[in-house]
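Novice: Below is run_33.txt; it holds compact mmCIF, C-alpha atoms.
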# COMPACT_ATOMS: atom_id res chain seq x y z
CA MET A 1 124.17 101.86 102.10
CA GLU A 2 121.16 99.53 102.29
CA LEU A 3 122.02 98.70 105.91
CA LEU A 4 122.19 102.40 106.78
CA ARG A 5 118.81 103.03 105.19
CA SER A 6 117.29 100.08 107.08
CA VAL A 7 118.61 101.41 110.40
CA ILE A 8 117.14 104.84 109.68
CA PHE A 9 113.79 103.29 108.75
CA SER A 10 113.73 101.28 111.99
CA ILE A 11 114.45 104.37 114.09
CA PHE A 12 111.63 106.30 112.39
CA THR A 13 109.25 103.41 113.02
CA VAL A 14 110.10 103.13 116.71
CA ILE A 15 109.77 106.89 117.25
CA SER A 16 106.45 106.98 115.45
CA LEU A 17 104.85 104.07 117.30
CA THR A 18 106.17 104.93 120.77
CA SER A 19 104.90 108.50 120.43
CA LEU A 20 101.31 107.29 120.06
CA PRO A 21 99.06 106.96 123.12
CA LYS A 22 99.01 103.34 124.38
CA SER A 23 95.26 103.14 123.83
CA VAL A 24 95.75 103.98 120.16
CA ALA A 25 98.98 102.06 119.60
CA SER A 26 97.28 98.82 120.63
CA ARG A 27 94.38 99.18 118.20
CA LYS A 28 95.99 97.64 115.15
CA CYS A 29 93.90 96.64 112.17
CA GLU A 30 93.86 93.09 110.87
CA PHE A 31 93.38 93.56 107.14
CA PRO A 32 92.67 90.15 105.59
CA ALA A 33 92.89 91.48 102.02
CA ILE A 34 93.83 94.42 99.81
CA PHE A 35 91.81 95.56 96.81
CA ASN A 36 93.85 97.97 94.71
CA PHE A 37 92.84 100.41 91.96
CA GLY A 38 95.40 102.35 89.98
CA ASP A 39 97.93 102.70 87.17
CA SER A 40 101.49 101.49 86.58
CA ASN A 41 102.61 102.78 89.97
CA SER A 42 100.74 99.83 91.50
CA ASP A 43 100.16 97.44 88.59
CA THR A 44 101.37 93.94 89.51
CA GLY A 45 100.55 92.34 86.17
CA GLY A 46 97.25 93.60 84.77
CA PHE A 47 98.67 95.37 81.74
CA SER A 48 101.08 92.53 81.05
CA ALA A 49 98.24 89.99 81.12
CA ALA A 50 96.17 92.04 78.69
CA PHE A 51 98.78 93.46 76.32
CA GLY A 52 102.00 91.50 76.77
CA GLN A 53 104.52 91.01 79.53
CA ALA A 54 106.78 93.83 80.66
CA PRO A 55 110.07 92.70 79.05
CA PRO A 56 113.39 91.96 80.75
CA PRO A 57 115.24 93.47 82.53
CA ASN A 58 112.04 94.42 84.41
CA GLY A 59 111.86 92.37 87.61
CA GLN A 60 115.58 91.58 87.71
CA THR A 61 116.36 92.78 91.24
CA PHE A 62 113.80 90.92 93.32
CA PHE A 63 111.82 88.49 91.19
CA HIS A 64 114.78 87.74 88.88
CA HIS A 65 112.42 87.66 85.90
CA PRO A 66 109.66 89.90 84.49
CA ALA A 67 106.82 89.94 87.01
CA GLY A 68 104.22 92.23 85.45
CA ARG A 69 105.73 95.31 87.06
CA TYR A 70 107.45 98.20 85.29
CA CYS A 71 110.26 98.18 87.81
CA ASP A 72 113.39 96.21 88.59
CA GLY A 73 111.62 94.74 91.61
CA ARG A 74 108.89 95.55 94.10
CA LEU A 75 106.41 98.41 93.98
CA ILE A 76 105.02 100.38 96.90
CA ILE A 77 101.89 98.18 96.85
CA ASP A 78 104.17 95.15 97.32
CA PHE A 79 105.76 96.70 100.39
CA ILE A 80 102.29 97.54 101.71
CA ALA A 81 101.24 93.90 101.34
CA GLU A 82 104.45 92.69 103.01
CA SER A 83 104.00 95.01 105.98
CA LEU A 84 100.46 93.71 106.54
CA GLY A 85 101.61 90.11 106.37
CA LEU A 86 99.79 89.49 103.09
CA PRO A 87 101.01 87.92 99.84
CA TYR A 88 101.69 90.08 96.80
CA LEU A 89 98.50 90.99 94.96
CA SER A 90 97.56 88.99 91.91
CA ALA A 91 96.31 91.04 88.98
CA TYR A 92 92.59 90.59 88.33
CA LEU A 93 93.28 90.15 84.61
CA ASP A 94 95.95 87.50 85.05
CA SER A 95 94.47 84.02 84.71
CA VAL A 96 97.74 82.12 85.14
CA GLY A 97 98.92 81.29 88.64
CA SER A 98 96.76 83.88 90.38
CA ASN A 99 95.52 83.59 93.96
CA PHE A 100 92.84 86.05 95.06
CA ARG A 101 92.47 84.72 98.59
CA HIS A 102 93.83 87.94 100.08
CA GLY A 103 92.60 90.46 97.54
CA ALA A 104 92.97 91.49 93.93
CA ASN A 105 94.70 94.20 91.94
CA PHE A 106 92.61 95.96 89.30
CA ALA A 107 95.33 98.46 88.34
CA THR A 108 96.89 98.49 84.89
CA ALA A 109 99.77 100.50 83.52
CA GLY A 110 98.53 103.50 81.57
CA SER A 111 95.19 103.65 83.39
CA THR A 112 93.43 106.97 83.90
CA ILE A 113 90.57 108.14 86.07
CA ARG A 114 88.56 109.28 83.07
CA PRO A 115 88.26 107.09 79.96
CA GLN A 116 90.52 108.33 77.17
CA ASN A 117 89.07 109.02 73.74
CA THR A 118 91.98 107.22 72.07
CA THR A 119 93.17 103.68 71.49
CA ILE A 120 96.15 102.25 73.32
CA SER A 121 98.14 102.21 70.06
CA GLN A 122 97.45 105.92 69.55
CA SER A 123 98.29 107.25 72.99
CA GLY A 124 99.69 104.41 75.10
CA TYR A 125 96.97 104.84 77.70
CA SER A 126 95.13 101.79 78.92
CA PRO A 127 91.44 101.32 78.06
CA ILE A 128 91.05 99.94 81.57
CA SER A 129 90.25 103.27 83.21
CA LEU A 130 88.95 103.60 86.75
CA ASP A 131 85.32 103.05 85.74
CA VAL A 132 86.30 99.75 84.13
CA GLN A 133 88.28 98.75 87.21
CA LEU A 134 85.19 99.41 89.31
CA ILE A 135 83.07 97.22 87.02
CA GLN A 136 85.67 94.48 87.36
CA PHE A 137 85.61 94.77 91.14
CA LEU A 138 81.80 94.65 91.31
CA ASP A 139 81.72 91.58 89.06
CA PHE A 140 84.55 89.96 91.03
CA LYS A 141 82.65 90.41 94.30
CA LYS A 142 79.34 89.20 92.83
CA ARG A 143 80.81 86.07 91.27
CA ILE A 144 82.69 85.17 94.45
CA GLN A 145 79.42 85.20 96.38
CA LYS A 146 78.17 82.48 94.02
CA LEU A 147 81.35 80.40 94.00
CA GLN A 148 82.48 80.54 97.62
CA HIS A 149 79.99 77.95 98.90
CA GLN A 150 81.30 75.37 96.43
CA GLY A 151 84.45 74.87 98.51
CA GLY A 152 87.49 73.09 97.11
CA VAL A 153 89.79 75.22 94.99
CA PHE A 154 87.41 78.17 95.25
CA GLU A 155 87.76 78.20 99.01
CA ARG A 156 91.55 78.25 98.74
CA LEU A 157 91.85 80.88 96.01
CA LEU A 158 88.99 83.29 96.72
CA PRO A 159 88.44 85.71 99.62
CA GLU A 160 85.94 85.09 102.38
CA PRO A 161 82.78 87.26 102.12
CA ASP A 162 83.76 89.38 105.14
CA TYR A 163 87.15 90.17 103.58
CA PHE A 164 85.38 92.78 101.43
CA SER A 165 84.18 94.73 104.45
CA ASN A 166 87.38 94.25 106.46
CA GLY A 167 89.88 94.70 103.64
CA LEU A 168 91.99 97.71 102.72
CA TYR A 169 91.00 99.56 99.54
CA SER A 170 93.97 101.38 98.03
CA PHE A 171 93.92 103.95 95.23
CA ASP A 172 96.91 105.31 93.31
CA ILE A 173 95.74 106.89 90.07
CA GLY A 174 95.58 110.25 88.28
CA GLN A 175 99.10 110.84 87.00
CA ASN A 176 98.23 109.67 83.50
CA ASP A 177 95.21 111.97 83.30
CA LEU A 178 97.52 114.95 83.70
CA THR A 179 100.09 113.87 81.11
CA ALA A 180 97.26 112.92 78.73
CA GLY A 181 96.16 116.54 78.73
CA TYR A 182 99.62 117.72 77.78
CA LYS A 183 99.81 115.09 75.04
CA LEU A 184 96.74 116.77 73.55
CA ASN A 185 98.68 120.08 73.58
CA MET A 186 96.58 121.54 76.36
CA THR A 187 97.93 124.43 78.38
CA THR A 188 98.52 124.13 82.11
CA ASP A 189 95.30 126.07 82.76
CA GLN A 190 93.35 123.75 80.46
CA VAL A 191 94.68 120.68 82.26
CA LYS A 192 93.76 122.22 85.60
CA ALA A 193 90.25 122.89 84.31
CA PHE A 194 89.35 119.20 84.09
CA VAL A 195 90.80 118.22 87.49
CA PRO A 196 87.47 118.80 89.31
CA ASP A 197 85.86 116.30 86.94
CA LEU A 198 88.58 113.79 87.83
CA MET A 199 87.72 114.25 91.50
CA SER A 200 84.05 113.67 90.74
CA HIS A 201 84.86 110.37 89.00
CA LEU A 202 87.18 109.25 91.79
CA SER A 203 84.74 110.19 94.56
CA SER A 204 81.94 108.36 92.78
CA THR A 205 84.08 105.22 92.58
CA ILE A 206 84.92 105.33 96.28
CA LYS A 207 81.25 105.81 97.13
CA SER A 208 80.39 102.77 95.02
CA VAL A 209 82.96 100.66 96.88
CA TYR A 210 81.57 101.99 100.17
CA SER A 211 78.06 100.92 99.11
CA GLN A 212 79.51 97.41 98.67
CA GLY A 213 80.75 97.37 102.25
CA GLY A 214 84.24 98.84 101.86
CA ARG A 215 85.23 100.89 104.90
CA SER A 216 89.01 101.38 104.93
CA PHE A 217 90.43 103.53 102.12
CA TRP A 218 94.12 104.31 101.51
CA ILE A 219 94.53 107.04 98.89
CA HIS A 220 97.85 108.19 97.43
CA ASN A 221 98.11 111.63 95.88
CA THR A 222 100.01 111.97 92.61
CA GLY A 223 103.75 112.43 92.34
CA PRO A 224 105.89 115.22 90.84
CA VAL A 225 105.44 114.39 87.16
CA GLY A 226 107.63 117.35 86.27
CA CYS A 227 110.65 115.54 87.69
CA LEU A 228 110.32 112.45 85.51
CA PRO A 229 112.66 112.03 82.51
CA TYR A 230 109.55 111.11 80.49
CA SER A 231 108.07 114.59 81.02
CA LEU A 232 111.37 116.41 80.67
CA ASP A 233 112.13 114.65 77.38
CA ARG A 234 108.63 114.33 75.87
CA PHE A 235 107.23 117.85 76.22
CA LEU A 236 108.50 121.24 75.11
CA ILE A 237 109.91 122.91 78.20
CA THR A 238 111.78 126.20 78.31
CA ALA A 239 114.76 126.89 80.55
CA ALA A 240 112.65 129.35 82.54
CA GLN A 241 110.24 126.54 83.43
CA ILE A 242 112.93 124.40 85.09
CA ASP A 243 113.21 124.84 88.85
CA LYS A 244 116.52 124.99 90.73
CA TYR A 245 116.59 121.22 91.12
CA GLY A 246 115.93 120.40 87.45
CA CYS A 247 112.19 119.66 87.51
CA ALA A 248 109.62 121.21 85.15
CA SER A 249 107.59 123.62 87.27
CA PRO A 250 104.36 123.71 85.16
CA PHE A 251 103.88 119.94 85.41
CA ASN A 252 104.54 119.92 89.14
CA GLU A 253 102.20 122.87 89.55
CA VAL A 254 99.42 120.83 87.94
CA ALA A 255 100.25 117.82 90.13
CA GLN A 256 100.04 119.98 93.25
CA TYR A 257 96.72 121.41 92.07
CA PHE A 258 95.44 117.86 91.54
CA ASN A 259 96.57 116.96 95.07
CA GLN A 260 94.93 120.04 96.54
CA LYS A 261 91.61 119.07 94.97
CA LEU A 262 92.11 115.44 95.98
CA LYS A 263 92.59 116.37 99.62
CA ALA A 264 89.43 118.51 99.49
CA ALA A 265 87.58 115.56 97.94
CA VAL A 266 88.77 113.32 100.78
CA VAL A 267 87.48 115.82 103.34
CA GLN A 268 84.07 115.79 101.64
CA LEU A 269 84.07 112.00 101.40
CA ARG A 270 84.59 111.76 105.14
CA LYS A 271 81.41 113.78 105.59
CA ASP A 272 79.47 111.79 103.02
CA LEU A 273 80.69 108.38 104.22
CA PRO A 274 80.61 108.62 108.04
CA GLN A 275 81.58 105.00 108.68
CA ALA A 276 84.62 105.10 106.40
CA ALA A 277 88.24 105.45 107.49
CA ILE A 278 89.89 107.41 104.67
CA THR A 279 93.63 108.02 104.71
CA TYR A 280 95.26 110.56 102.38
CA VAL A 281 98.96 109.90 101.74
CA ASP A 282 101.30 112.64 100.54
CA ILE A 283 103.36 110.70 98.02
CA TYR A 284 104.20 113.94 96.16
CA SER A 285 106.29 115.39 98.99
CA LEU A 286 108.18 112.16 99.47
CA LYS A 287 109.01 111.64 95.81
CA TYR A 288 109.96 115.29 95.32
CA THR A 289 112.26 115.12 98.33
CA LEU A 290 113.74 111.84 97.10
CA ILE A 291 114.50 113.21 93.64
CA THR A 292 115.74 116.64 94.69
CA GLN A 293 117.74 115.41 97.69
CA GLY A 294 118.62 111.99 96.32
CA LYS A 295 122.39 112.37 96.47
CA LYS A 296 122.23 113.31 100.16
CA ILE A 297 120.14 110.20 100.83
CA GLY A 298 122.61 107.94 99.05
CA PHE A 299 121.38 107.72 95.47
CA LYS A 300 123.19 108.84 92.31
CA ASP A 301 122.07 110.92 89.33
CA PRO A 302 118.42 111.31 90.43
CA PHE A 303 117.17 112.31 86.96
CA VAL A 304 118.98 109.62 84.97
CA ALA A 305 117.02 106.46 84.25
CA CYS A 306 118.71 103.20 85.21
CA CYS A 307 117.21 101.30 82.28
CA GLY A 308 117.09 103.19 79.01
CA HIS A 309 118.88 104.20 75.86
CA GLY A 310 120.79 107.44 75.31
CA GLY A 311 120.06 111.11 75.76
CA LYS A 312 120.50 113.42 78.71
CA TYR A 313 118.34 111.27 80.97
CA ASN A 314 119.12 107.85 79.45
CA TYR A 315 115.55 107.87 78.19
CA ASN A 316 114.26 107.49 74.66
CA THR A 317 110.52 107.14 74.10
CA ASN A 318 111.25 105.07 70.98
CA ALA A 319 113.66 102.73 72.76
CA ARG A 320 112.36 102.24 76.27
CA CYS A 321 113.64 99.82 78.89
CA GLY A 322 113.93 96.36 77.36
CA ALA A 323 113.92 97.61 73.75
CA LYS A 324 115.75 95.45 71.20
CA ARG A 325 116.97 95.82 67.64
CA ILE A 326 118.27 93.52 64.94
CA VAL A 327 122.02 93.82 64.34
CA ASN A 328 123.61 91.63 61.67
CA GLY A 329 120.61 89.35 61.76
CA LYS A 330 120.73 88.94 65.54
CA GLU A 331 118.46 90.43 68.18
CA GLU A 332 120.30 92.80 70.51
CA LEU A 333 119.11 94.48 73.72
CA ILE A 334 119.77 98.21 73.38
CA ALA A 335 117.95 99.53 76.47
CA ASN A 336 119.42 97.56 79.33
CA SER A 337 119.71 98.06 83.07
CA CYS A 338 122.45 99.98 84.81
CA LYS A 339 124.92 97.96 86.89
CA ASP A 340 123.41 98.77 90.29
CA PRO A 341 119.70 99.76 90.30
CA SER A 342 119.83 100.23 94.09
CA LEU A 343 121.72 103.48 93.51
CA SER A 344 119.14 104.82 91.04
CA ILE A 345 115.84 106.52 91.78
CA ILE A 346 114.29 106.35 88.32
CA TRP A 347 114.05 102.92 86.73
CA ASP A 348 112.92 103.53 83.14
CA GLY A 349 112.20 107.24 82.82
CA VAL A 350 108.64 106.92 84.10
CA HIS A 351 108.73 104.58 87.07
CA PHE A 352 110.82 104.27 90.22
CA THR A 353 113.32 101.58 91.17
CA GLU A 354 112.63 99.08 93.93
CA ALA A 355 115.16 100.94 96.12
CA ALA A 356 113.27 104.21 95.61
CA ASN A 357 109.89 102.56 96.23
CA ASN A 358 111.31 101.01 99.39
CA TRP A 359 112.55 104.40 100.61
CA VAL A 360 109.20 106.08 99.94
CA PHE A 361 107.24 103.32 101.65
CA HIS A 362 109.35 103.42 104.78
CA GLN A 363 108.77 107.15 105.14
CA PHE A 364 104.97 106.97 105.12
CA PHE A 365 104.00 103.59 106.58
CA ASN A 366 104.34 104.94 110.13
CA GLY A 367 101.85 107.74 109.45
CA SER A 368 104.39 110.56 109.06
CA PHE A 369 103.00 111.68 105.68
CA SER A 370 99.39 110.63 106.15
CA ASP A 371 96.19 112.41 107.06
CA PRO A 372 95.15 111.31 109.64
CA PRO A 373 98.71 110.64 110.89
CA LEU A 374 98.16 106.99 111.76
CA PRO A 375 100.39 104.08 110.69
CA LEU A 376 99.30 101.88 107.81
CA ASN A 377 98.30 99.07 110.14
CA MET A 378 95.84 101.42 111.86
CA ALA A 379 94.19 102.71 108.71
CA CYS A 380 90.87 101.11 109.66
CA LEU A 381 90.38 103.63 112.45
CA ASN A 382 87.81 106.30 111.65
CA SER A 383 89.20 109.84 112.12
Just give me the structure as C-alpha cells.

Specialist:
Amino acid sequence: MELLRSVIFSIFTVISLTSLPKSVASRKCEFPAIFNFGDSNSDTGGFSAAFGQAPPPNGQTFFHHPAGRYCDGRLIIDFIAESLGLPYLSAYLDSVGSNFRHGANFATAGSTIRPQNTTISQSGYSPISLDVQLIQFLDFKKRIQKLQHQGGVFERLLPEPDYFSNGLYSFDIGQNDLTAGYKLNMTTDQVKAFVPDLMSHLSSTIKSVYSQGGRSFWIHNTGPVGCLPYSLDRFLITAAQIDKYGCASPFNEVAQYFNQKLKAAVVQLRKDLPQAAITYVDIYSLKYTLITQGKKIGFKDPFVACCGHGGKYNYNTNARCGAKRIVNGKEELIANSCKDPSLSIIWDGVHFTEAANNWVFHQFFNGSFSDPPLPLNMACLNS
C-alpha cells in the first residue's frame, strides 16, 4: 500500500513540474531556514519542553520514542523540512539538544491566535498564543545578532543573519480558537463573530515578521474540525447536524468561514506587503477528502483513532493516547496504539497519523492546492 501511494505521489509531482513553463520551473528557491508558528499540527517539541513530554506511544513509527510530537511519527512540517533539504525544526522552547542553524519552531500544542482567558489546567489551551510566539521570534532574532559574531558553537547552532530574510515563514494556527469558542458554549454564529478579530491578529503578526525582513510566507488554512473524534465526542451534536460522511456540519461550517476570511486576509496582505510572496494552502480540502474518502485511498475506519481508549471513536478525553492507570499496584497502559498506524488517518482523536500527514503533504507540495499554484520549493516567488 505504501509503495502504491509513493508511485502515485511521484506521478503527481512529475505532472505538476513538467506542466510549468521552463522559465518558471527553473526558478527554485533555496530556503536556508524555516521559522514556524502554530499549534499542535506543527509542534515539534515546544509544548513538551514547557509542560512535559508527549508520552509513549507517541513517536513510535518514525522516531521510535516520544519526540515532542502528538503523532506516531512525522508531521507535515517535518515533510516540508525534508523536501527542502533541511533538518527537522528544533522547538524554540527546547533547551536540550536543539540546533537552530536552519530555523526554529515557535509552535506549541494548544496554541491559539488570540490569548485565552483561562489557564492551561482549566481549558487545555497553551498560554503560548501567537502574540507570545511573535515575541519569542523577535527576541530570538535580536539575540542572534549579538551572538553570531562570537563564532564557535554559536556559529554552528545559530542561523546566519541573511537566513531571516531568505527563510520560509510557515503558519498553521487557528483550529484551537474555534474549538475554544464551543468550549465556552458559544453558538456557531457567536464563534463566527470573532473570526475577523482572529484575522486581524494573524495579519498583524505577519506584518511584524515582514518588518523584520521576512518575505516568503506559507500559510495553511484550518482543517475540518467537525470530522475529528475529539469534536464528535466532546460537544453535543444532534443527528441532523451530521453530514452524509459522519462529520459535524456546524463545526466544519465555522472552519470554512475561518478559511474564507483567511483567504481574504491573504489577498489584503499581498496588497499591503508588495515585496512578500504569500502562499495560501488549502489543507481543509485535503483533510476532508482524506477522511471522507479514506477507504478508497487505502486507509481503514477514518473516524476511529489509532491510539485511544474505548467508545465509538476509540477516543476518551479522560484517557487519551498514552494514558495509564494503576492495576493491582502496577502501572498499566490503557490507551495504546493500534497494530498498524499506517492504515489509520486519526492518531489520537485530535491529530493525524504520520501516514495521513504524508498523504496530505504529497498532495500540496507540488502546488496543486496552493494559491498561487506554485510548488513549495518556489514559494519565494512573488505572485

Novice: Need to verify the contact set: Gly52 (chain A), 10 Å, only C-alpha atoms, exclusion of same-chain residues closer than 6 positions in sequence. Can you return it as an NGL selection string?

Specialist: :A and (45-46 or 68)

Novice: Determine the nearest neighbour of Tyr313 (chain A) from the options A:Ser231, A:Thr44, A:Asn185, A:Thr108, counting all atoms listed in the file.

Specialist: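 Once distances to Tyr313 (chain A) are computed over all atoms listed in the file, the minimum belongs to A:Ser231.
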
Novice: What are the closest atom pairs, with distances in Å to one decimal, for each residue of region 72-119 of chain A lying within 10 Å of region 188-205 of chain A, using all atoms listed in the file, rows by chain and rising residue number, as JSON lines?

Specialist:
{"residue": "A:Thr112", "atom": "CA", "partner": "A:Leu198", "partner_atom": "CA", "distance": 9.2}
{"residue": "A:Ile113", "atom": "CA", "partner": "A:Leu198", "partner_atom": "CA", "distance": 6.2}
{"residue": "A:Arg114", "atom": "CA", "partner": "A:Leu198", "partner_atom": "CA", "distance": 6.6}

Novice: For CA of Ser40 (chain A) and CA of Arg74 (chain A), quote the distance in Å rounded to one decimal.

Specialist: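 About the pair CA of Ser40 (chain A) and CA of Arg74 (chain A): they are 12.1 Å apart.
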
Novice: When distances are computed from all atoms listed in the file, which of A:Val304, A:Ala33, A:Ile144, A:Leu290 shows the smallest separation from Leu158 (chain A)?

Specialist: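 For Leu158 (chain A), the nearest of the candidates is A:Ile144.
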
Novice: For Gly103 (chain A), which of A:Pro32, A:Gly38, A:Pro250, A:Pro56 is the closest residue, counting all atoms listed in the file?

Specialist: A:Pro32

Novice: So which one's closest to Met186 (chain A), A:Val281, A:Ala104, A:Leu236, A:Ile334? Using all atoms listed in the file, please.

Specialist: A:Leu236

Novice: Show me, as JSON, the centre and edge lengths in Å to one decimal of the axis-aligned box that covers every listed atom of region 317-335 of chain A with 5 Å on each side.

Specialist:
{"center_x": 117.1, "center_y": 98.0, "center_z": 70.3, "size_x": 23.1, "size_y": 28.2, "size_z": 27.2}

Novice: Report, in Å to a single decimal, how far apart CA of Gln175 (chain A) and CA of Val225 (chain A) are.

Specialist: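 One can read the CA of Val225 (chain A) to CA of Gln175 (chain A) distance as 7.3 Å.
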
Novice: Need the neighbours of (109.4, 111.3, 83.2): which residues are at most 10 Å away, counting only C-alpha atoms, as a short mmCIF file (atom, residue, chain, number, x, y, z; two decimals) with C-alpha atoms, in the coordinates of the input?

Specialist:
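Heads up, here's the output in result-v5.cif:
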data_model
loop_
_atom_site.label_atom_id
_atom_site.label_comp_id
_atom_site.auth_asym_id
_atom_site.auth_seq_id
_atom_site.Cartn_x
_atom_site.Cartn_y
_atom_site.Cartn_z
CA THR A 179 100.09 113.87 81.11
CA PRO A 224 105.89 115.22 90.84
CA VAL A 225 105.44 114.39 87.16
CA GLY A 226 107.63 117.35 86.27
CA CYS A 227 110.65 115.54 87.69
CA LEU A 228 110.32 112.45 85.51
CA PRO A 229 112.66 112.03 82.51
CA TYR A 230 109.55 111.11 80.49
CA SER A 231 108.07 114.59 81.02
CA LEU A 232 111.37 116.41 80.67
CA ASP A 233 112.13 114.65 77.38
CA ARG A 234 108.63 114.33 75.87
CA PHE A 235 107.23 117.85 76.22
CA CYS A 247 112.19 119.66 87.51
CA PHE A 303 117.17 112.31 86.96
CA VAL A 304 118.98 109.62 84.97
CA ALA A 305 117.02 106.46 84.25
CA TYR A 313 118.34 111.27 80.97
CA TYR A 315 115.55 107.87 78.19
CA ILE A 346 114.29 106.35 88.32
CA ASP A 348 112.92 103.53 83.14
CA GLY A 349 112.20 107.24 82.82
CA VAL A 350 108.64 106.92 84.10
CA HIS A 351 108.73 104.58 87.07
#

Novice: Which one of A:Asn176, A:Asn41, A:Asn314, A:Asn252 sits closest to Ser123 (chain A) if you count all atoms listed in the file?

Specialist: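 Nearest to Ser123 (chain A): A:Asn176.
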
Novice: Measuring atom to atom with all atoms listed in the file, identify which of A:Gly174, A:Pro55, A:Gly167, A:Pro127 is nearest to Gly213 (chain A).

Specialist: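 Ranked by minimum distance to Gly213 (chain A), first place goes to A:Gly167.
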
Novice: Excluding Asp43 (chain A) and residues on its chain fewer than 4 positions from it, collect all residues at most 10 Å away from it, counting all atoms listed in the file, and give them as a tab-separated table (two decimals) with C-alpha atoms, in the frame of the given file.

Specialist:
chain	number	residue	atom	x	y	z
A	36	ASN	CA	93.85	97.97	94.71
A	37	PHE	CA	92.84	100.41	91.96
A	38	GLY	CA	95.40	102.35	89.98
A	39	ASP	CA	97.93	102.70	87.17
A	47	PHE	CA	98.67	95.37	81.74
A	48	SER	CA	101.08	92.53	81.05
A	68	GLY	CA	104.22	92.23	85.45
A	69	ARG	CA	105.73	95.31	87.06
A	70	TYR	CA	107.45	98.20	85.29
A	75	LEU	CA	106.41	98.41	93.98
A	77	ILE	CA	101.89	98.18	96.85
A	78	ASP	CA	104.17	95.15	97.32
A	89	LEU	CA	98.50	90.99	94.96
A	90	SER	CA	97.56	88.99	91.91
A	91	ALA	CA	96.31	91.04	88.98
A	105	ASN	CA	94.70	94.20	91.94
A	106	PHE	CA	92.61	95.96	89.30
A	107	ALA	CA	95.33	98.46	88.34
A	108	THR	CA	96.89	98.49	84.89
A	109	ALA	CA	99.77	100.50	83.52
A	110	GLY	CA	98.53	103.50	81.57
A	111	SER	CA	95.19	103.65	83.39
A	172	ASP	CA	96.91	105.31	93.31

Novice: Identify the residues around (96.8, 109.1, 107.5) within a radius of 10 Å, measuring from only C-alpha atoms in the coordinates stated by the file, and give them as a list in words.

Specialist: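 Residues satisfying the cut-off, written out: Trp218, Ile219, Ala277, Ile278, Thr279, Tyr280, Val281, Asp282, Phe364, Phe365, Asn366, Gly367, Ser368, Phe369, Ser370, Asp371, Pro372, Pro373, Leu374, Pro375, Leu376, Met378, Ala379, Leu381 and Ser383 of chain A.
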
Novice: Residues within 12 Å of Glu155 (chain A), please, as an MDAnalysis selection string. Count only C-alpha atoms; anything in the same chain fewer than 2 positions from it doesn't count.

Specialist: chainID A and resid 99:102 144:153 157:161

Novice: Skipping near chain neighbours, those fewer than 5 positions away, what residues fall within 7 Å of region 358-363 of chain A using all atoms listed in the file, listed as a ChimeraX atom specification?

Specialist: /A:9,76,79,286-287,368

Novice: Calculate how many Å separate CA of Tyr182 (chain A) from CA of Lys312 (chain A), rounding to one decimal.

Specialist: 21.3 Å
